[in-house]
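Q: Sharing a structure below in C-alpha cells format, with a few things to ask.
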Amino acid sequence: REAAERLQASLAAQVVVADRFGRIDTVAGVDVAYDREGKRATAAIAVLRADDLSVVETRTLDSAVRFPYIPGLLSFRELPAICALLQQVTAIPDLLICDGQGIAHPRRFGLACHLGVMFDLPAIGCAKTPLLGAGREPGMARGDSAALLDQGETVPVRGSTRRCASGSSLPAAEPSSSRPCSVCSVRAVSSSLSSTTCRKRAATPVTAGTRAWQP
C-alpha cells in the first residue's frame with residue numbers, strides 16, 4: 001500500500017490541469033464491473049462521436065482481480081483490465097472519461113489521472129462517491145457551480161448533476177437527479193470541458209461504457 005501511494009504522489013507531478021489537446025472528435029467512456037465474489041472484473045469501453053454522442057465502437061474484457069479494494073488506490077485494481085482493453089480498441093479516442101476520481105483525490109492522482117498519464121491522453125474522472133473535501137450545494141439551474149475545498153485548497157473540478165459533492169458542479173437536465181457525482185478534469189483538460197459530455201448523474205460516455213457490459 002505504501003509503495004502504491006508513493007507512486008501516485010510521484011506521478012501526480014505529470015498531471016496537467018489545462019486544455020492541451022487538438023480537435024476532439026471521439027470520446028470514450030470506461031467502466032469496470034465485478035462478480036459477486038470480487039474475483040473477476042469485466043472492463044468495458046464505449047467510443048462515441050463527440051458531436052452527437054453516437055456509438056463508434058464498444059468492447060469488453062474479462063480478467064482476474066489481483067489487487068484488493070482500497071479507497072484511494074482504485075487505479076491499481078482496475079488498470080490491468082482497462083489497459084488491456086484499450087490496447088484492443090481500433091477507434092483510438094481523443095478523450096477518456098472513466099468511472100473514478102481525477103484530481104479530487106488525496107494525492108491528486110485518481111484513476112483518471114493514472115490513465116491519462118499512462119496513455120498520454122486527455123482524461124476526465126467522473127465518480128459517484130467523493131473521497132475528500134467539502135462545499136456548499138450548487139443551485140438547480142444548469143451551469144450553477146460550487147467549489148470543492150480540501151484542507152484550504154480549492155480543487156478545480158466540475159460536476160455534472162444537480163448536487164455534486166466533489167467540486168464545482170453542473171446539474172443534470174433532469175432536476176430530480178440529486179445524488180452526488182464528481183467530475184474531475186485531469187491530464188491536459190480544464191474543468192470547463194467536462195460539461196460538454198455530461199447529461200445525467202454519470203457522464204454520457206461512462207454510461208455508454210457501463211451499458212457495454214450489461215446484458
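FYI, nothing fancy with the C-alpha cells labels: chains A, B, ... in order, residues from 1 per chain, ligands from 1 as they appear.
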Which residues are close to segment 77-81 of chain A, i.e. within 8 Å by only C-alpha atoms, leaving aside same-chain residues fewer than 5 positions away? Reply as a VMD selection string.
A: chain A and resid 32 41 to 43 61 to 63 65 to 69 111 115
Q: Create the file for the chosen residues now, containing N, CA and C atoms and written as a PDB file, in the first residue's frame.
A:
ATOM      1  N   VAL A  32     -15.722  -0.459 -15.065  1.00  0.00           N
ATOM      2  CA  VAL A  32     -15.341  -1.810 -14.670  1.00  0.00           C
ATOM      3  C   VAL A  32     -16.395  -2.354 -13.709  1.00  0.00           C
ATOM      4  N   ALA A  41     -13.190  -9.302 -12.937  1.00  0.00           N
ATOM      5  CA  ALA A  41     -13.578  -7.962 -13.348  1.00  0.00           C
ATOM      6  C   ALA A  41     -13.873  -7.943 -14.842  1.00  0.00           C
ATOM      7  N   THR A  42     -14.889  -7.219 -15.229  1.00  0.00           N
ATOM      8  CA  THR A  42     -15.204  -7.010 -16.641  1.00  0.00           C
ATOM      9  C   THR A  42     -15.076  -5.533 -16.947  1.00  0.00           C
ATOM     10  N   ALA A  43     -14.088  -5.198 -17.749  1.00  0.00           N
ATOM     11  CA  ALA A  43     -13.883  -3.817 -18.174  1.00  0.00           C
ATOM     12  C   ALA A  43     -14.636  -3.587 -19.473  1.00  0.00           C
ATOM     13  N   LEU A  61     -13.839  -6.793 -21.754  1.00  0.00           N
ATOM     14  CA  LEU A  61     -12.748  -7.718 -21.483  1.00  0.00           C
ATOM     15  C   LEU A  61     -12.875  -8.223 -20.057  1.00  0.00           C
ATOM     16  N   ASP A  62     -12.785  -9.543 -19.883  1.00  0.00           N
ATOM     17  CA  ASP A  62     -12.886 -10.175 -18.571  1.00  0.00           C
ATOM     18  C   ASP A  62     -11.497 -10.561 -18.081  1.00  0.00           C
ATOM     19  N   SER A  63     -11.221 -10.312 -16.793  1.00  0.00           N
ATOM     20  CA  SER A  63      -9.903 -10.638 -16.248  1.00  0.00           C
ATOM     21  C   SER A  63      -9.998 -10.915 -14.752  1.00  0.00           C
ATOM     22  N   VAL A  65      -9.048 -10.371 -10.819  1.00  0.00           N
ATOM     23  CA  VAL A  65      -8.729  -9.228  -9.961  1.00  0.00           C
ATOM     24  C   VAL A  65      -7.555  -9.609  -9.067  1.00  0.00           C
ATOM     25  N   ARG A  66      -6.503  -8.805  -9.079  1.00  0.00           N
ATOM     26  CA  ARG A  66      -5.290  -9.143  -8.338  1.00  0.00           C
ATOM     27  C   ARG A  66      -4.920  -8.108  -7.277  1.00  0.00           C
ATOM     28  N   PHE A  67      -5.774  -7.107  -7.092  1.00  0.00           N
ATOM     29  CA  PHE A  67      -5.487  -6.066  -6.100  1.00  0.00           C
ATOM     30  C   PHE A  67      -6.755  -5.819  -5.303  1.00  0.00           C
ATOM     31  N   PRO A  68      -6.676  -5.721  -3.989  1.00  0.00           N
ATOM     32  CA  PRO A  68      -7.888  -5.529  -3.172  1.00  0.00           C
ATOM     33  C   PRO A  68      -8.454  -4.128  -3.334  1.00  0.00           C
ATOM     34  N   TYR A  69      -9.711  -3.968  -2.927  1.00  0.00           N
ATOM     35  CA  TYR A  69     -10.304  -2.636  -2.954  1.00  0.00           C
ATOM     36  C   TYR A  69      -9.796  -1.840  -1.759  1.00  0.00           C
ATOM     37  N   LEU A 111      -7.911   7.502 -10.590  1.00  0.00           N
ATOM     38  CA  LEU A 111      -7.895   6.592 -11.736  1.00  0.00           C
ATOM     39  C   LEU A 111      -7.767   7.334 -13.062  1.00  0.00           C
ATOM     40  N   LEU A 115      -4.751   6.899 -15.860  1.00  0.00           N
ATOM     41  CA  LEU A 115      -4.994   6.542 -17.255  1.00  0.00           C
ATOM     42  C   LEU A 115      -4.421   7.592 -18.202  1.00  0.00           C
TER      43      LEU A 115
END
Q: According to DSSP computed on the backbone, where in segment 13-110 of chain A is there strand (DSSP E or B)? Give the residues as a short mmCIF file (atom, residue, chain, number, x, y, z; two decimals) with N, CA, C and O atoms, in the first residue's frame.
A:
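Now in selection-v1.cif:
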data_model
loop_
_atom_site.label_atom_id
_atom_site.label_comp_id
_atom_site.auth_asym_id
_atom_site.auth_seq_id
_atom_site.Cartn_x
_atom_site.Cartn_y
_atom_site.Cartn_z
N THR A 26 -13.71 12.16 -30.94
CA THR A 26 -14.27 10.98 -30.27
C THR A 26 -13.97 11.04 -28.78
O THR A 26 -12.92 11.52 -28.35
N VAL A 27 -14.92 10.54 -28.01
CA VAL A 27 -14.81 10.48 -26.55
C VAL A 27 -15.11 9.05 -26.12
O VAL A 27 -16.07 8.45 -26.60
N ALA A 28 -14.31 8.51 -25.21
CA ALA A 28 -14.51 7.14 -24.75
C ALA A 28 -14.89 7.13 -23.27
O ALA A 28 -14.27 7.81 -22.46
N GLY A 29 -15.91 6.33 -22.94
CA GLY A 29 -16.27 6.10 -21.55
C GLY A 29 -15.80 4.72 -21.14
O GLY A 29 -15.97 3.75 -21.88
N VAL A 30 -15.17 4.64 -19.95
CA VAL A 30 -14.61 3.39 -19.46
C VAL A 30 -15.21 3.07 -18.09
O VAL A 30 -15.32 3.94 -17.23
N ASP A 31 -15.58 1.80 -17.89
CA ASP A 31 -16.14 1.37 -16.61
C ASP A 31 -15.71 -0.06 -16.35
O ASP A 31 -15.36 -0.80 -17.27
N VAL A 32 -15.72 -0.46 -15.07
CA VAL A 32 -15.34 -1.81 -14.67
C VAL A 32 -16.39 -2.35 -13.71
O VAL A 32 -16.81 -1.66 -12.78
N ALA A 33 -16.83 -3.60 -13.93
CA ALA A 33 -17.78 -4.27 -13.06
C ALA A 33 -17.13 -5.53 -12.50
O ALA A 33 -16.19 -6.07 -13.09
N TYR A 34 -17.65 -5.99 -11.35
CA TYR A 34 -17.06 -7.14 -10.67
C TYR A 34 -18.13 -8.21 -10.42
O TYR A 34 -19.31 -7.89 -10.29
N ARG A 40 -13.39 -11.57 -10.22
CA ARG A 40 -13.32 -11.34 -11.67
C ARG A 40 -13.83 -9.93 -11.98
O ARG A 40 -14.76 -9.43 -11.34
N ALA A 41 -13.19 -9.30 -12.94
CA ALA A 41 -13.58 -7.96 -13.35
C ALA A 41 -13.87 -7.94 -14.84
O ALA A 41 -13.18 -8.61 -15.63
N THR A 42 -14.89 -7.22 -15.23
CA THR A 42 -15.20 -7.01 -16.64
C THR A 42 -15.08 -5.53 -16.95
O THR A 42 -15.83 -4.71 -16.43
N ALA A 43 -14.09 -5.20 -17.75
CA ALA A 43 -13.88 -3.82 -18.17
C ALA A 43 -14.64 -3.59 -19.47
O ALA A 43 -14.71 -4.48 -20.32
N ALA A 44 -15.21 -2.41 -19.62
CA ALA A 44 -15.96 -2.07 -20.83
C ALA A 44 -15.60 -0.68 -21.30
O ALA A 44 -15.31 0.21 -20.48
N ILE A 45 -15.62 -0.49 -22.59
CA ILE A 45 -15.36 0.83 -23.17
C ILE A 45 -16.35 1.08 -24.29
O ILE A 45 -16.74 0.17 -25.03
N ALA A 46 -16.80 2.32 -24.38
CA ALA A 46 -17.63 2.76 -25.49
C ALA A 46 -17.02 4.02 -26.06
O ALA A 46 -16.82 5.01 -25.33
N VAL A 47 -16.70 3.99 -27.33
CA VAL A 47 -16.16 5.16 -28.02
C VAL A 47 -17.30 5.85 -28.76
O VAL A 47 -18.00 5.22 -29.56
N LEU A 48 -17.51 7.13 -28.47
CA LEU A 48 -18.62 7.89 -29.05
C LEU A 48 -18.10 9.05 -29.88
O LEU A 48 -17.00 9.57 -29.64
N ARG A 49 -18.90 9.45 -30.85
CA ARG A 49 -18.60 10.69 -31.58
C ARG A 49 -18.93 11.88 -30.68
O ARG A 49 -20.00 11.92 -30.06
N VAL A 55 -22.53 5.94 -31.00
CA VAL A 55 -21.53 4.93 -30.67
C VAL A 55 -20.70 4.57 -31.90
O VAL A 55 -21.22 4.25 -32.96
N VAL A 56 -19.38 4.61 -31.73
CA VAL A 56 -18.45 4.22 -32.79
C VAL A 56 -17.98 2.78 -32.58
O VAL A 56 -17.91 1.99 -33.51
N GLU A 57 -17.67 2.43 -31.33
CA GLU A 57 -17.13 1.11 -31.03
C GLU A 57 -17.36 0.78 -29.56
O GLU A 57 -17.27 1.66 -28.71
N THR A 58 -17.66 -0.46 -29.27
CA THR A 58 -17.74 -0.93 -27.88
C THR A 58 -16.96 -2.24 -27.76
O THR A 58 -16.94 -3.04 -28.69
N ARG A 59 -16.33 -2.43 -26.61
CA ARG A 59 -15.59 -3.66 -26.34
C ARG A 59 -15.66 -3.98 -24.85
O ARG A 59 -15.78 -3.07 -24.03
N THR A 60 -15.53 -5.25 -24.53
CA THR A 60 -15.46 -5.68 -23.14
C THR A 60 -14.31 -6.68 -22.99
O THR A 60 -13.88 -7.30 -23.96
N LEU A 61 -13.84 -6.79 -21.75
CA LEU A 61 -12.75 -7.72 -21.48
C LEU A 61 -12.87 -8.22 -20.06
O LEU A 61 -13.05 -7.43 -19.12
N ASP A 62 -12.78 -9.54 -19.88
CA ASP A 62 -12.89 -10.18 -18.57
C ASP A 62 -11.50 -10.56 -18.08
O ASP A 62 -10.68 -11.07 -18.85
N SER A 63 -11.22 -10.31 -16.79
CA SER A 63 -9.90 -10.64 -16.25
C SER A 63 -10.00 -10.92 -14.75
O SER A 63 -11.00 -10.58 -14.11
N ALA A 64 -8.94 -11.51 -14.21
CA ALA A 64 -8.87 -11.78 -12.78
C ALA A 64 -8.52 -10.50 -12.03
O ALA A 64 -7.79 -9.65 -12.54
N LEU A 95 -10.40 11.64 -26.17
CA LEU A 95 -10.63 11.99 -24.77
C LEU A 95 -11.18 10.78 -24.03
O LEU A 95 -12.06 10.08 -24.53
N LEU A 96 -10.66 10.53 -22.81
CA LEU A 96 -11.14 9.44 -21.97
C LEU A 96 -11.95 9.99 -20.81
O LEU A 96 -11.57 10.99 -20.19
N ILE A 97 -13.06 9.33 -20.49
CA ILE A 97 -13.82 9.62 -19.29
C ILE A 97 -14.02 8.31 -18.56
O ILE A 97 -14.51 7.34 -19.15
N CYS A 98 -13.64 8.25 -17.28
CA CYS A 98 -13.75 6.99 -16.56
C CYS A 98 -14.57 7.16 -15.29
O CYS A 98 -14.74 8.26 -14.77
#
Q: DSSP on the backbone: what in segment 42-96 of chain A comes out alpha helix (DSSP H), as a VMD selection string?
A: chain A and resid 74 to 86
Q: Restrict the selected residues to C-alpha atoms and save them as a JSON list (two decimals), in the first residue's frame.
A:
[["chain", "number", "residue", "atom", "x", "y", "z"],
["A", 74, "LEU", "CA", -8.72, 2.08, -7.21],
["A", 75, "SER", "CA", -6.42, 2.51, -10.21],
["A", 76, "PHE", "CA", -4.21, -0.40, -9.11],
["A", 77, "ARG", "CA", -7.30, -2.63, -9.00],
["A", 78, "GLU", "CA", -8.81, -1.58, -12.33],
["A", 79, "LEU", "CA", -5.89, -0.52, -14.54],
["A", 80, "PRO", "CA", -4.79, -4.02, -15.65],
["A", 81, "ALA", "CA", -8.19, -4.74, -17.21],
["A", 82, "ILE", "CA", -8.64, -1.22, -18.61],
["A", 83, "CYS", "CA", -5.15, -1.11, -20.13],
["A", 84, "ALA", "CA", -5.61, -4.47, -21.83],
["A", 85, "LEU", "CA", -8.96, -3.28, -23.15],
["A", 86, "LEU", "CA", -7.60, -0.01, -24.53]]
Q: Which neighbours of Arg108 of chain A fall inside 9 Å, counting only C-alpha atoms, when residues of the same chain fewer than 2 positions from it are skipped, and could you give them as a PyMOL selection string?
A: chain A and resi 8-9+12+15+101-106+110+113
Q: Could you please determine the separation between atom CA of Thr154 of chain A and atom CA of Leu121 of chain A in Å, to one decimal place?
A: 24.3 Å
Q: In Å, how far is it from atom CA of Ala112 of chain A to atom CA of Arg36 of chain A?
A: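 Separation between atom CA of Ala112 of chain A and atom CA of Arg36 of chain A: 24.8 Å.
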Q: A:Met118, A:Ile70, A:Ala18, A:Ile92: which is nearest Leu131 of chain A, counting only C-alpha atoms?
A: A:Ile70
Q: I'd like to know which of A:Ala127, A:Ala134, A:Ala50, A:Val17 is closest to Pro93 of chain A, using only C-alpha atoms.
A: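 Between A:Ala127, A:Ala134, A:Ala50, A:Val17, the residue approaching Pro93 of chain A most closely is A:Ala50.
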Q: In terms of the shortest atom-to-atom distance over only C-alpha atoms, which of A:Leu148, A:Ala3, A:Leu53, A:Phe109 is closest to Gly72 of chain A?
A: A:Phe109
Q: For a test of reading the model, state the distance in Å between atom CA of Thr129 of chain A and atom CA of Ile24 of chain A, rounded to one decimal.
A: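 Computed distance, atom CA of Thr129 of chain A to atom CA of Ile24 of chain A, equals 27.5 Å.
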